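Novice: Dumping the structure here so I can ask a few things about it.
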Amino acid sequence: ELVSARGQVTAKLQSVADVVSASSTAAVQFADPSAAQEALTALRGDASIQAARIELPDKTLLAEYGSGYESGGRDVAPGVREVRNAMVVSRPIELNGVTIGTLHVQGSLKDVSDRLRRYAAILFAVVALAGLVAYAFALRLQRSISGPILRLSHVASSVSVDQDYTVRAVKEHEDEIGQLVDRFNQMLRTIEQRDAELMQARSRLEERVAERTRSLELEIDQHRRTEEQLLLAKASAEQASVAKSAFVANMSHELRT
């Protein structure tokens with residue numbers, strides 16, 4: 001909008017400059033300041049034109065309209081300069097193809113600046129309103145988005161601290177967060193099932209260890225009884241051998257006798 005408005009101001013100034021330069025040819029040809037000034041008075045009907053001046057080829061000022069004419073500035077197009085909040089259009093004044101002077105017309109960009117400020121205010125109001133709507137919308141969505149996520153986080157913290165995998169998160173809606181809750185509960189079920197299988201395996205291992213321990217105790221007890229029986233048999237054999245030796249000795253003595 002700013003570029004378009006500047007283009008419109010420039011086109012208007014160019015049209016005015018073309019008319020004024022054509023009407024001031026005679027005044028410039030004869031270097032008549034009063035006639036040149038009269039040619040510039042036609043600009044009074046346009047309030048957007050701040051100043052204008054007619055210069056001779058040697059830069060001598062022939063006539064001037066208004067005040068606040070700005071020199072210098074930035075060239076934006078051939079014969080068009082941009083100065084502080086204004087545009088300056090320069091047109092050569094020619095006679096039979098020879099340049100006999102130059103017309104400078106300065107137009108204000110105040111309307112453009114005012115329009116830009118209005119647009120900025122409208123934009124600020126729209127952004128502020130959008131921010132308020134977004135904030136209200138965020139507060140409304142917090143109950144359906146942030147709330148379930150925070151509750152899921154609380155359940156996850158409780159499971160992490162208590163190591164209780166029988167806890168389940170409550171699914172409130174069939175949306176992405178609900179799918180997240182389902183995956184979380186499925187993970188808890190998997191961990192719970194794994195722990196149950198580990199407990200069963202540990203229980204079976206303990207039973208096998210106890211059974212093997214009882215079997216070893218029975219074997220040890222049987223070995224101990226067998227050893228005791230062997231010791232008793234050995235003692236009996238030794239007693240029999242002593243009795244045999246005594247009997248043989250007695251018999252020998254009797255036979256000698």
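Within each chain, counting starts at residue 1; across the structure tokens, chains are named A, B, ... in the order shown, with ligands numbered 1 upward in that order.
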Name the residues in contact with Ile54 of chain A at a cut-off of 6 Å, using only C-alpha atoms, excluding same-chain residues fewer than 5 positions from it; report them as a list in words.

Specialist: Leu62, Ala63, Thr102 and Leu103 of chain A

Novice: Hey, what's within 12 Å of Val3 of chain A if we count only C-alpha atoms and toss same-chain stuff fewer than 6 positions away? As a list in words, please?

Specialist: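 That gives Val9, Thr10, Val76, Leu109, Val112, Ser113, Arg115 and Leu116 of chain A.
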
Novice: I'd like the neighbourhood of Ser108 of chain A as a VMD selection string, where a residue qualifies if any of its atoms comes within 7 Å (using only C-alpha atoms), though same-chain residues fewer than 6 positions away should be ignored.

Specialist: chain A and resid 48 to 50 85 to 87

Novice: Since we have the selection now, will you write its residues out, keeping N, CA and C atoms, as a CSV table (one decimal), in the first residue's frame?

Specialist:
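Result file follows (part-v1.csv):
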```csv
chain,number,residue,atom,x,y,z
A,48,SER,N,-1.7,19.3,-1.4
A,48,SER,CA,-0.6,18.3,-1.2
A,48,SER,C,0.7,18.7,-1.7
A,49,ILE,N,0.7,19.8,-2.5
A,49,ILE,CA,2.0,20.3,-3.1
A,49,ILE,C,2.5,21.4,-2.1
A,50,GLN,N,3.7,21.0,-1.5
A,50,GLN,CA,4.3,21.9,-0.5
A,50,GLN,C,5.1,23.1,-1.1
A,85,ASN,N,9.7,12.8,4.1
A,85,ASN,CA,8.3,12.8,4.0
A,85,ASN,C,7.7,13.6,2.8
A,86,ALA,N,8.4,13.5,1.7
A,86,ALA,CA,8.0,14.2,0.5
A,86,ALA,C,8.6,13.6,-0.7
A,87,MET,N,8.0,13.9,-1.9
A,87,MET,CA,8.6,13.5,-3.2
A,87,MET,C,8.8,14.8,-4.0
```

Novice: Could you pull the residues within 10 Å of Glu172 of chain A, counting only C-alpha atoms, minus those fewer than 2 positions along the same chain, as a list in words?

Specialist: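 The filter keeps Ser144, Pro148, Ala169, Val170, Glu174, Asp175, Ile177, Gly178 and Val181 of chain A.
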
Novice: Write out as a VMD selection string the residues lying within 12 Å of Arg74 of chain A, counting only C-alpha atoms and excluding same-chain residues fewer than 3 positions away.

Specialist: chain A and resid 70 to 71 77 to 89

Novice: Which residues of segment 194-240 of chain A come within 12 Å of segment 159-165 of chain A, and for each one, what is the closest pair of atoms and their distance in Å to one decimal, counting only C-alpha atoms, sorted by chain and residue number, as a Markdown table?

Specialist:
```
| residue | atom | partner | partner_atom | distance |
| --- | --- | --- | --- | --- |
| A:Arg194 | CA | A:Tyr165 | CA | 10.4 |
| A:Asp195 | CA | A:Tyr165 | CA | 9.0 |
| A:Ala196 | CA | A:Tyr165 | CA | 10.6 |
```

Novice: Just list the residues in segment 91-148 of chain A DSSP gives strand (DSSP E or B) on the backbone, as a list in words.

Specialist: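 Matching residues for strand (DSSP E or B) in segment 91-148 of chain A are Arg91, Pro92, Ile93, Glu94, Leu95, Val98, Thr99, Ile100, Gly101, Thr102, Leu103, His104, Val105, Gln106, Gly107 and Ser108 of chain A.
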
Novice: Could you please take those selected residues and save C-alpha atoms as a short mmCIF file (atom, residue, chain, number, x, y, z; two decimals), in the first residue's frame?

Specialist:
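The resulting file, selection_35.cif, is reproduced below:
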```cif
data_model
loop_
_atom_site.label_atom_id
_atom_site.label_comp_id
_atom_site.auth_asym_id
_atom_site.auth_seq_id
_atom_site.Cartn_x
_atom_site.Cartn_y
_atom_site.Cartn_z
CA ARG A 91 10.93 18.50 -15.28
CA PRO A 92 13.04 20.28 -17.86
CA ILE A 93 11.48 23.35 -19.48
CA GLU A 94 12.29 23.09 -23.17
CA LEU A 95 11.92 25.34 -26.19
CA VAL A 98 16.60 23.04 -25.99
CA THR A 99 16.44 23.03 -22.19
CA ILE A 100 16.01 26.58 -20.98
CA GLY A 101 15.15 25.84 -17.35
CA THR A 102 14.06 23.29 -14.79
CA LEU A 103 10.86 22.97 -12.78
CA HIS A 104 10.92 21.26 -9.35
CA VAL A 105 7.61 20.31 -7.71
CA GLN A 106 7.60 18.95 -4.13
CA GLY A 107 4.58 16.98 -2.93
CA SER A 108 3.87 15.88 0.62
#
```

Novice: If DSSP is run on the backbone, what residues of segment 58-188 of chain A are helix (DSSP H, G or I)? A reply as number ranges by chain would be ideal.

Specialist: A: 110-144, 146-162, 176-188

Novice: From the set A:Ser21, A:Ser90, A:Ser245, A:Thr60, which residue has the shortest atom-to-atom contact distance to Pro33 of chain A, counting only C-alpha atoms?

Specialist: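 Ranked by minimum distance to Pro33 of chain A, first place goes to A:Thr60.
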
Novice: What does the structure give for the distance between atom CA of Glu219 of chain A and atom CA of Arg202 of chain A, in Å to one decimal?

Specialist: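 Atom CA of Arg202 of chain A lies 25.3 Å from atom CA of Glu219 of chain A.
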